[in-house]
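Please read the structure below before turning to the comments.
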Amino acid sequence: MFCLSRLFTLTTAKHPAIVHCCRQMTSSSAQPWIDLDVPASELRLDPTLTCGQAFRWKATGSSEWTCALWDHVIDLKQTQSSVQYRVLGQLPAARANVEEALRDYFQLHIKFDALCDAWAQTDPDFEQLRKTHVGVRTLRQPVVETLLVFIASSNNNIKRITMLADKLCQHYGQSIATEKGPFHTFPTLQRLNEDPDIEGTLSQLGFGYRAKYYAKTVNMLCSSHEDPEEFLLGLRTAPLDTARTELLKLSGVGPKVADCVCLMALDKSDAVPVDTHIWQVAQRRYVGRVLDPKEGPEMLKLLSQDHRDKAVALARQLKASKAPTTKTYEAAQQLFIHLFGDFAGWAQGLLFSGDLGQEPKKKPKPTPSKRKSTQSLPPANERKMRLRSNVKE
C-alpha cells in the first residue's frame, strides 16, 4: 500500500511538499474502537452519509465507513445500539481531537427526535418519516470541501460527484496509508492555488466546463483574502443573506449551491436548498394543504397571524407557477421556513430522503412487438447506453 501511495505522489514531483510528506509516511496500526454513545434514533450512518450531502465516505466493511478528515483517516461503524469510531492513520502534523470533531460534524448536540416532534405538529407525516428514515442528520462539514464539492454538483449525479471529489483529493491532497488502503485528504485552497494551470489540470481529470469555475473561485478567494478558509469560516457567524451573497460572488455558485454550503457548512439551519425535486415536494405536499379551508388552519395553527398570511400568500404564488423560477425558488424556500422554522433546512433534508414514497409512479411504456430488445445489443453498445443513462450532463 505504501509503495503505491508513494509512487502516485512521486509522479507529481513538481510539488515537493507532498512528496516529502509521503516519504515520511508509514502504514499506521488501527486504534481500538471507541463508542460515541449515540442511539440509532439520533444517527444512522448509511442514510446520512449517502443522501447527497457528503461524497467522500467509503463503505469499507459491514456497516463500516471510512474517510480522511482533519488529517486523520477515520473509520465509523454502526452497531445495533450506537456508532463507534477509530483512527486508522494520520498525517504527522495532525492535531484534531477526533471525538470532538465527529460530534461537531454530526451536530450531536441537536436532538433529531425533538426536531421531529416539533415538525409533526405542523405536518403529522413526519411521525412516519421519523420511523422510515431514522437518524438522517444534516452534517456540519468542512467549509472548503463543501464549497468545492457542491460546485461539481450542478447538473450532476451522486456517483459522478463522488468520482470528481476523489480525483481532486488524489491529485492535490495528501495520502495516508492504512490497513484498508490509502486515503487522501481534501486539498486546501492554498494548495490548489499553487497549480499555475489548475483549469488545465482539472480538465484533464474530467471536470469539463466546471474546471474554469474552480480556477476562478480559487483565484478569487486566494487573491482577495490572506487566509481564504478563515474568511469562509467567518461566514458562520454572518446572517444567512450575507453568507449567501458572498458565496454567490464565486464562480460556479448559484442559489442552490450557495444554500447547500450555508446549510451543511455555515451553520444556517434555516437555509433550504431547492431543486426541482424539492420544488415538486412543496407543490405536492404543502401548497394544496395550506390553501385548504379545513387543513390549512390546522397546519398553520402554531404561526402568528402575520406568518399565516405570508404562508398562504406564498402557497398561492407557488400554485400559480407551473415551473421553478428564481421567484418561485424563493417562494418555496420561504414556505418551508414559515412552516418549519429555524431548522427548516433539516426538515427539507428529511423530506428529500424520504418523501414517504408519495411521488406518483409512472406507468411503464408498452414496448412494440417489432422493436428489438436492448438485451440483444452487442455488449459494447449496451455499455454505452448504460453510461448515457447514468450521466445527467
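Each chain of the C-alpha cells is named A, B, ... in the order shown, its residues numbered from 1; ligands are numbered from 1 in display order.
Using only C-alpha atoms, the contacts of Gln78 of chain A at a cut-off of 7 Å, with sequence neighbours closer than 3 positions omitted, comprise Leu45, Ser63, Glu64, Ser82, Val83 and Gln84 of chain A.
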For Val312 of chain A: contacts at 12 Å, only C-alpha atoms, fewer than 6 positions along chain excluded, given as a ChimeraX atom specification: /A:286-293,296-297,299-300,303,305-306,318-319,331-332,334-336,338-339
Suppose we keep C-alpha atoms; can you now write the selection as a PDB file, in the first residue's frame?
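File produced: result_36.pdb:
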```pdb
ATOM      1  CA  TYR A 286     -47.901  21.684   1.091  1.00  0.00           C
ATOM      2  CA  VAL A 287     -49.435  24.127  -1.380  1.00  0.00           C
ATOM      3  CA  GLY A 288     -52.838  22.430  -1.502  1.00  0.00           C
ATOM      4  CA  ARG A 289     -52.876  21.713   2.224  1.00  0.00           C
ATOM      5  CA  VAL A 290     -52.002  25.287   3.216  1.00  0.00           C
ATOM      6  CA  LEU A 291     -54.752  26.630   0.948  1.00  0.00           C
ATOM      7  CA  ASP A 292     -57.333  24.050   2.025  1.00  0.00           C
ATOM      8  CA  PRO A 293     -60.069  25.726   4.152  1.00  0.00           C
ATOM      9  CA  GLY A 296     -54.736  24.919   6.284  1.00  0.00           C
ATOM     10  CA  PRO A 297     -55.708  26.425   9.664  1.00  0.00           C
ATOM     11  CA  MET A 299     -51.268  23.181   9.673  1.00  0.00           C
ATOM     12  CA  LEU A 300     -50.655  26.863  10.425  1.00  0.00           C
ATOM     13  CA  LEU A 303     -47.850  30.520  13.491  1.00  0.00           C
ATOM     14  CA  GLN A 305     -51.389  35.690  12.136  1.00  0.00           C
ATOM     15  CA  ASP A 306     -48.796  37.622  10.146  1.00  0.00           C
ATOM     16  CA  LEU A 318     -46.454  28.575  -5.968  1.00  0.00           C
ATOM     17  CA  LYS A 319     -49.848  27.312  -7.092  1.00  0.00           C
ATOM     18  CA  ALA A 331     -41.232  31.294  -2.506  1.00  0.00           C
ATOM     19  CA  ALA A 332     -40.713  27.550  -1.932  1.00  0.00           C
ATOM     20  CA  GLN A 334     -39.766  30.812   2.402  1.00  0.00           C
ATOM     21  CA  LEU A 335     -42.752  28.470   2.632  1.00  0.00           C
ATOM     22  CA  PHE A 336     -40.542  25.783   4.205  1.00  0.00           C
ATOM     23  CA  HIS A 338     -42.561  29.572   7.643  1.00  0.00           C
ATOM     24  CA  LEU A 339     -43.767  26.013   8.191  1.00  0.00           C
TER      25      LEU A 339
END
```
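The space between atom CA of Asn193 of chain A and atom CA of Phe150 of chain A spans 18.6 Å.
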Write out as an mmCIF file with N, CA and C atoms, in the first residue's frame all residues of segment 167-213 of chain A that DSSP puts in alpha helix (DSSP H) for this structure's backbone.
```cif
data_model
loop_
_atom_site.group_PDB
_atom_site.id
_atom_site.type_symbol
_atom_site.label_atom_id
_atom_site.label_comp_id
_atom_site.auth_asym_id
_atom_site.auth_seq_id
_atom_site.Cartn_x
_atom_site.Cartn_y
_atom_site.Cartn_z
ATOM 1 N N LYS A 167 -11.004 12.408 -7.452
ATOM 2 C CA LYS A 167 -9.904 12.832 -8.316
ATOM 3 C C LYS A 167 -9.223 14.091 -7.779
ATOM 4 N N LEU A 168 -10.019 15.008 -7.259
ATOM 5 C CA LEU A 168 -9.458 16.230 -6.690
ATOM 6 C C LEU A 168 -8.543 15.901 -5.514
ATOM 7 N N CYS A 169 -8.989 14.984 -4.655
ATOM 8 C CA CYS A 169 -8.184 14.607 -3.490
ATOM 9 C C CYS A 169 -6.946 13.808 -3.882
ATOM 10 N N GLN A 170 -7.103 12.885 -4.815
ATOM 11 C CA GLN A 170 -5.970 12.058 -5.225
ATOM 12 C C GLN A 170 -4.879 12.886 -5.891
ATOM 13 N N HIS A 171 -5.246 13.929 -6.610
ATOM 14 C CA HIS A 171 -4.251 14.726 -7.316
ATOM 15 C C HIS A 171 -3.623 15.798 -6.427
ATOM 16 N N TYR A 172 -4.434 16.437 -5.579
ATOM 17 C CA TYR A 172 -3.926 17.576 -4.799
ATOM 18 C C TYR A 172 -3.817 17.294 -3.300
ATOM 19 N N LEU A 189 -7.284 25.433 -0.127
ATOM 20 C CA LEU A 189 -7.344 26.408 -1.225
ATOM 21 C C LEU A 189 -5.947 26.858 -1.629
ATOM 22 N N GLN A 190 -5.074 27.033 -0.639
ATOM 23 C CA GLN A 190 -3.703 27.440 -0.955
ATOM 24 C C GLN A 190 -2.990 26.382 -1.788
ATOM 25 N N ARG A 191 -3.244 25.117 -1.467
ATOM 26 C CA ARG A 191 -2.613 24.039 -2.231
ATOM 27 C C ARG A 191 -3.097 24.057 -3.682
ATOM 28 N N LEU A 192 -4.377 24.255 -3.882
ATOM 29 C CA LEU A 192 -4.908 24.329 -5.243
ATOM 30 C C LEU A 192 -4.347 25.539 -5.985
ATOM 31 N N ASN A 193 -4.158 26.625 -5.259
ATOM 32 C CA ASN A 193 -3.678 27.857 -5.887
ATOM 33 C C ASN A 193 -2.226 27.761 -6.323
ATOM 34 N N ILE A 198 -4.485 25.284 -12.996
ATOM 35 C CA ILE A 198 -5.483 24.428 -12.354
ATOM 36 C C ILE A 198 -6.610 24.088 -13.311
ATOM 37 N N GLU A 199 -6.988 25.042 -14.163
ATOM 38 C CA GLU A 199 -8.063 24.759 -15.107
ATOM 39 C C GLU A 199 -7.670 23.639 -16.063
ATOM 40 N N GLY A 200 -6.434 23.692 -16.557
ATOM 41 C CA GLY A 200 -5.969 22.644 -17.455
ATOM 42 C C GLY A 200 -5.862 21.299 -16.765
ATOM 43 N N THR A 201 -5.378 21.314 -15.533
ATOM 44 C CA THR A 201 -5.252 20.065 -14.778
ATOM 45 C C THR A 201 -6.606 19.418 -14.546
ATOM 46 N N LEU A 202 -7.562 20.229 -14.106
ATOM 47 C CA LEU A 202 -8.885 19.686 -13.824
ATOM 48 C C LEU A 202 -9.600 19.247 -15.100
ATOM 49 N N SER A 203 -9.329 19.927 -16.191
ATOM 50 C CA SER A 203 -9.917 19.491 -17.466
ATOM 51 C C SER A 203 -9.425 18.097 -17.829
ATOM 52 N N GLN A 204 -8.130 17.856 -17.612
ATOM 53 C CA GLN A 204 -7.564 16.538 -17.899
ATOM 54 C C GLN A 204 -8.123 15.480 -16.953
ATOM 55 N N ARG A 210 -16.619 22.651 -15.708
ATOM 56 C CA ARG A 210 -16.504 23.100 -14.320
ATOM 57 C C ARG A 210 -15.083 23.499 -13.958
ATOM 58 N N ALA A 211 -14.096 23.064 -14.734
ATOM 59 C CA ALA A 211 -12.696 23.369 -14.425
ATOM 60 C C ALA A 211 -12.466 24.874 -14.313
ATOM 61 N N LYS A 212 -13.098 25.640 -15.183
ATOM 62 C CA LYS A 212 -12.907 27.099 -15.147
ATOM 63 C C LYS A 212 -13.555 27.707 -13.902
ATOM 64 N N TYR A 213 -14.638 27.090 -13.418
ATOM 65 C CA TYR A 213 -15.259 27.582 -12.187
ATOM 66 C C TYR A 213 -14.287 27.449 -11.016
#
```
Taking only C-alpha atoms into account, which of A:Leu115, A:Thr132, A:Gly341, A:Arg137 comes nearest Leu49 of chain A? A:Arg137
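For Gln280 of chain A, the set of protein, DNA and RNA residues having any atom at most 12 Å away, when counting only C-alpha atoms and skipping those fewer than 5 positions along the same chain, is Val274, Asp275, Arg285, Tyr286, Val287, Leu318, Lys319, Ser321, Lys322, Ala323, Pro324, Thr328, Tyr329, Ala332, Leu351, Phe352, Asp355, Gln358, Glu359 and Pro360 of chain A.
Closest to Ala59 of chain A among A:Ile161, A:His72, A:Lys180, A:Leu129 is A:Lys180, based on only C-alpha atoms.
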For segment 256-258 of chain A: contacts at 10 Å, only C-alpha atoms, fewer than 3 positions along chain excluded, given as a VMD selection string: chain A and resid 146 to 154 243 to 250 252 to 253 261 to 263 271 to 275 329
Serialized selection, C-alpha atoms, as a PDB file, in the first residue's frame:
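Final output, saved to part_13.pdb:
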```pdb
ATOM      1  CA  THR A 146     -18.395  21.606   0.945  1.00  0.00           C
ATOM      2  CA  LEU A 147     -17.982  24.604  -1.349  1.00  0.00           C
ATOM      3  CA  LEU A 148     -15.756  22.878  -3.896  1.00  0.00           C
ATOM      4  CA  VAL A 149     -17.673  19.606  -3.969  1.00  0.00           C
ATOM      5  CA  PHE A 150     -21.021  21.323  -4.454  1.00  0.00           C
ATOM      6  CA  ILE A 151     -19.626  23.367  -7.343  1.00  0.00           C
ATOM      7  CA  ALA A 152     -19.394  19.965  -9.042  1.00  0.00           C
ATOM      8  CA  SER A 153     -22.965  19.065  -8.103  1.00  0.00           C
ATOM      9  CA  SER A 154     -24.907  21.178 -10.603  1.00  0.00           C
ATOM     10  CA  ALA A 243     -23.372  34.482   3.688  1.00  0.00           C
ATOM     11  CA  ARG A 244     -25.435  33.656   0.601  1.00  0.00           C
ATOM     12  CA  THR A 245     -24.496  36.975  -1.056  1.00  0.00           C
ATOM     13  CA  GLU A 246     -20.777  36.351  -0.504  1.00  0.00           C
ATOM     14  CA  LEU A 247     -20.989  32.815  -1.895  1.00  0.00           C
ATOM     15  CA  LEU A 248     -22.916  33.946  -4.965  1.00  0.00           C
ATOM     16  CA  LYS A 249     -19.936  36.119  -5.935  1.00  0.00           C
ATOM     17  CA  LEU A 250     -17.925  32.949  -6.594  1.00  0.00           C
ATOM     18  CA  GLY A 252     -19.949  28.188 -10.319  1.00  0.00           C
ATOM     19  CA  VAL A 253     -22.084  29.082  -7.305  1.00  0.00           C
ATOM     20  CA  VAL A 261     -22.993  25.382   1.615  1.00  0.00           C
ATOM     21  CA  CYS A 262     -24.909  27.590   4.051  1.00  0.00           C
ATOM     22  CA  LEU A 263     -26.867  24.624   5.419  1.00  0.00           C
ATOM     23  CA  ALA A 271     -31.215  27.525   4.619  1.00  0.00           C
ATOM     24  CA  VAL A 272     -33.394  25.451   2.300  1.00  0.00           C
ATOM     25  CA  PRO A 273     -31.747  24.307  -0.959  1.00  0.00           C
ATOM     26  CA  VAL A 274     -34.488  23.982  -3.547  1.00  0.00           C
ATOM     27  CA  ASP A 275     -34.025  21.803  -6.601  1.00  0.00           C
ATOM     28  CA  TYR A 329     -37.395  29.184  -5.748  1.00  0.00           C
TER      29      TYR A 329
END
```
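With only C-alpha atoms as the basis for measurement, A:Gly52 is the residue among A:Pro39, A:Gly52, A:Gly354, A:Pro32 that approaches Ile158 of chain A most closely.
Nearest-residue note for Thr178 of chain A: choosing from A:Leu350, A:Val73, A:Ile337, A:Leu240, the minimum distance belongs to A:Val73, counting only C-alpha atoms.
For the atom pair formed by atom CA of Thr79 of chain A and atom CA of Glu99 of chain A, the distance is 17.1 Å, given to one decimal.
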Please compute the atom CA of Asp113 of chain A-atom CA of Lys301 of chain A distance, one decimal, in Å. 21.2 Å
Within segment 44-183 of chain A, find each residue whose DSSP state, derived from the backbone, is strand (DSSP E or B), and express the selection as a VMD selection string. chain A and resid 58 to 61 64 to 69 72 to 78 83 to 90 175 to 176 183
Based on the selection just made, write N, CA, C and O atoms of those residues as an mmCIF file, in the first residue's frame.
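Generated output (result-v8.cif):
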```
data_model
loop_
_atom_site.group_PDB
_atom_site.id
_atom_site.type_symbol
_atom_site.label_atom_id
_atom_site.label_comp_id
_atom_site.auth_asym_id
_atom_site.auth_seq_id
_atom_site.Cartn_x
_atom_site.Cartn_y
_atom_site.Cartn_z
ATOM 1 N N LYS A 58 -16.412 6.146 2.242
ATOM 2 C CA LYS A 58 -16.398 4.882 1.500
ATOM 3 C C LYS A 58 -16.900 3.742 2.394
ATOM 4 O O LYS A 58 -16.467 3.614 3.541
ATOM 5 N N ALA A 59 -17.784 2.930 1.845
ATOM 6 C CA ALA A 59 -18.207 1.719 2.550
ATOM 7 C C ALA A 59 -17.062 0.720 2.485
ATOM 8 O O ALA A 59 -16.687 0.255 1.415
ATOM 9 N N THR A 60 -16.482 0.401 3.641
ATOM 10 C CA THR A 60 -15.260 -0.416 3.665
ATOM 11 C C THR A 60 -15.418 -1.705 4.462
ATOM 12 O O THR A 60 -14.435 -2.408 4.708
ATOM 13 N N GLY A 61 -16.616 -2.009 4.885
ATOM 14 C CA GLY A 61 -16.852 -3.231 5.643
ATOM 15 C C GLY A 61 -18.314 -3.316 6.005
ATOM 16 O O GLY A 61 -19.129 -2.474 5.603
ATOM 17 N N GLU A 64 -19.501 -0.370 7.989
ATOM 18 C CA GLU A 64 -18.342 0.475 8.260
ATOM 19 C C GLU A 64 -18.137 1.471 7.120
ATOM 20 O O GLU A 64 -18.307 1.151 5.947
ATOM 21 N N TRP A 65 -17.724 2.696 7.505
ATOM 22 C CA TRP A 65 -17.492 3.782 6.556
ATOM 23 C C TRP A 65 -16.182 4.463 6.910
ATOM 24 O O TRP A 65 -15.874 4.674 8.087
ATOM 25 N N THR A 66 -15.417 4.849 5.894
ATOM 26 C CA THR A 66 -14.073 5.384 6.121
ATOM 27 C C THR A 66 -13.864 6.633 5.280
ATOM 28 O O THR A 66 -14.305 6.708 4.129
ATOM 29 N N CYS A 67 -13.154 7.617 5.864
ATOM 30 C CA CYS A 67 -12.870 8.868 5.149
ATOM 31 C C CYS A 67 -11.671 9.551 5.784
ATOM 32 O O CYS A 67 -11.397 9.366 6.978
ATOM 33 N N ALA A 68 -10.952 10.345 4.992
ATOM 34 C CA ALA A 68 -9.860 11.180 5.506
ATOM 35 C C ALA A 68 -10.419 12.554 5.837
ATOM 36 O O ALA A 68 -10.869 13.290 4.954
ATOM 37 N N LEU A 69 -10.414 12.891 7.132
ATOM 38 C CA LEU A 69 -10.891 14.185 7.607
ATOM 39 C C LEU A 69 -9.944 14.696 8.683
ATOM 40 O O LEU A 69 -9.456 13.912 9.506
ATOM 41 N N HIS A 72 -6.724 12.998 9.542
ATOM 42 C CA HIS A 72 -6.824 11.637 10.050
ATOM 43 C C HIS A 72 -7.631 10.799 9.071
ATOM 44 O O HIS A 72 -8.474 11.319 8.341
ATOM 45 N N VAL A 73 -7.395 9.494 9.066
ATOM 46 C CA VAL A 73 -8.306 8.576 8.388
ATOM 47 C C VAL A 73 -9.184 7.975 9.469
ATOM 48 O O VAL A 73 -8.693 7.322 10.400
ATOM 49 N N ILE A 74 -10.490 8.203 9.344
ATOM 50 C CA ILE A 74 -11.434 7.849 10.390
ATOM 51 C C ILE A 74 -12.346 6.730 9.911
ATOM 52 O O ILE A 74 -12.894 6.783 8.810
ATOM 53 N N ASP A 75 -12.497 5.724 10.742
ATOM 54 C CA ASP A 75 -13.355 4.578 10.492
ATOM 55 C C ASP A 75 -14.590 4.711 11.383
ATOM 56 O O ASP A 75 -14.456 4.947 12.595
ATOM 57 N N LEU A 76 -15.768 4.570 10.803
ATOM 58 C CA LEU A 76 -17.010 4.582 11.576
ATOM 59 C C LEU A 76 -17.709 3.245 11.430
ATOM 60 O O LEU A 76 -17.648 2.619 10.375
ATOM 61 N N LYS A 77 -18.399 2.814 12.477
ATOM 62 C CA LYS A 77 -19.127 1.549 12.433
ATOM 63 C C LYS A 77 -20.475 1.708 13.127
ATOM 64 O O LYS A 77 -20.551 2.189 14.263
ATOM 65 N N GLN A 78 -21.522 1.303 12.415
ATOM 66 C CA GLN A 78 -22.857 1.309 13.006
ATOM 67 C C GLN A 78 -23.082 0.001 13.744
ATOM 68 O O GLN A 78 -22.901 -1.083 13.180
ATOM 69 N N VAL A 83 -22.944 4.186 17.531
ATOM 70 C CA VAL A 83 -21.943 4.373 16.477
ATOM 71 C C VAL A 83 -20.577 4.396 17.130
ATOM 72 O O VAL A 83 -20.372 5.075 18.145
ATOM 73 N N GLN A 84 -19.644 3.654 16.555
ATOM 74 C CA GLN A 84 -18.281 3.634 17.059
ATOM 75 C C GLN A 84 -17.325 4.223 16.028
ATOM 76 O O GLN A 84 -17.638 4.265 14.836
ATOM 77 N N TYR A 85 -16.164 4.675 16.513
ATOM 78 C CA TYR A 85 -15.149 5.201 15.602
ATOM 79 C C TYR A 85 -13.769 4.734 16.030
ATOM 80 O O TYR A 85 -13.546 4.330 17.176
ATOM 81 N N ARG A 86 -12.840 4.775 15.088
ATOM 82 C CA ARG A 86 -11.430 4.553 15.379
ATOM 83 C C ARG A 86 -10.612 5.297 14.345
ATOM 84 O O ARG A 86 -11.101 5.649 13.269
ATOM 85 N N VAL A 87 -9.366 5.558 14.661
ATOM 86 C CA VAL A 87 -8.447 6.228 13.746
ATOM 87 C C VAL A 87 -7.561 5.177 13.099
ATOM 88 O O VAL A 87 -6.897 4.398 13.786
ATOM 89 N N LEU A 88 -7.542 5.142 11.771
ATOM 90 C CA LEU A 88 -6.730 4.172 11.038
ATOM 91 C C LEU A 88 -5.344 4.695 10.704
ATOM 92 O O LEU A 88 -4.419 3.916 10.470
ATOM 93 N N GLY A 89 -5.199 5.995 10.636
ATOM 94 C CA GLY A 89 -3.910 6.598 10.288
ATOM 95 C C GLY A 89 -4.037 8.105 10.333
ATOM 96 O O GLY A 89 -5.131 8.658 10.409
ATOM 97 N N GLN A 90 -2.897 8.796 10.264
ATOM 98 C CA GLN A 90 -2.931 10.250 10.327
ATOM 99 C C GLN A 90 -1.636 10.822 9.775
ATOM 100 O O GLN A 90 -0.618 10.133 9.661
ATOM 101 N N SER A 175 -1.711 11.759 0.870
ATOM 102 C CA SER A 175 -2.072 10.364 1.020
ATOM 103 C C SER A 175 -1.704 9.856 2.412
ATOM 104 O O SER A 175 -0.628 10.142 2.936
ATOM 105 N N ILE A 176 -2.626 9.099 3.003
ATOM 106 C CA ILE A 176 -2.388 8.476 4.303
ATOM 107 C C ILE A 176 -2.584 6.973 4.141
ATOM 108 O O ILE A 176 -3.656 6.514 3.747
ATOM 109 N N PHE A 183 -5.854 6.625 1.764
ATOM 110 C CA PHE A 183 -6.930 7.615 1.698
ATOM 111 C C PHE A 183 -6.288 8.989 1.567
ATOM 112 O O PHE A 183 -5.187 9.224 2.071
#
```
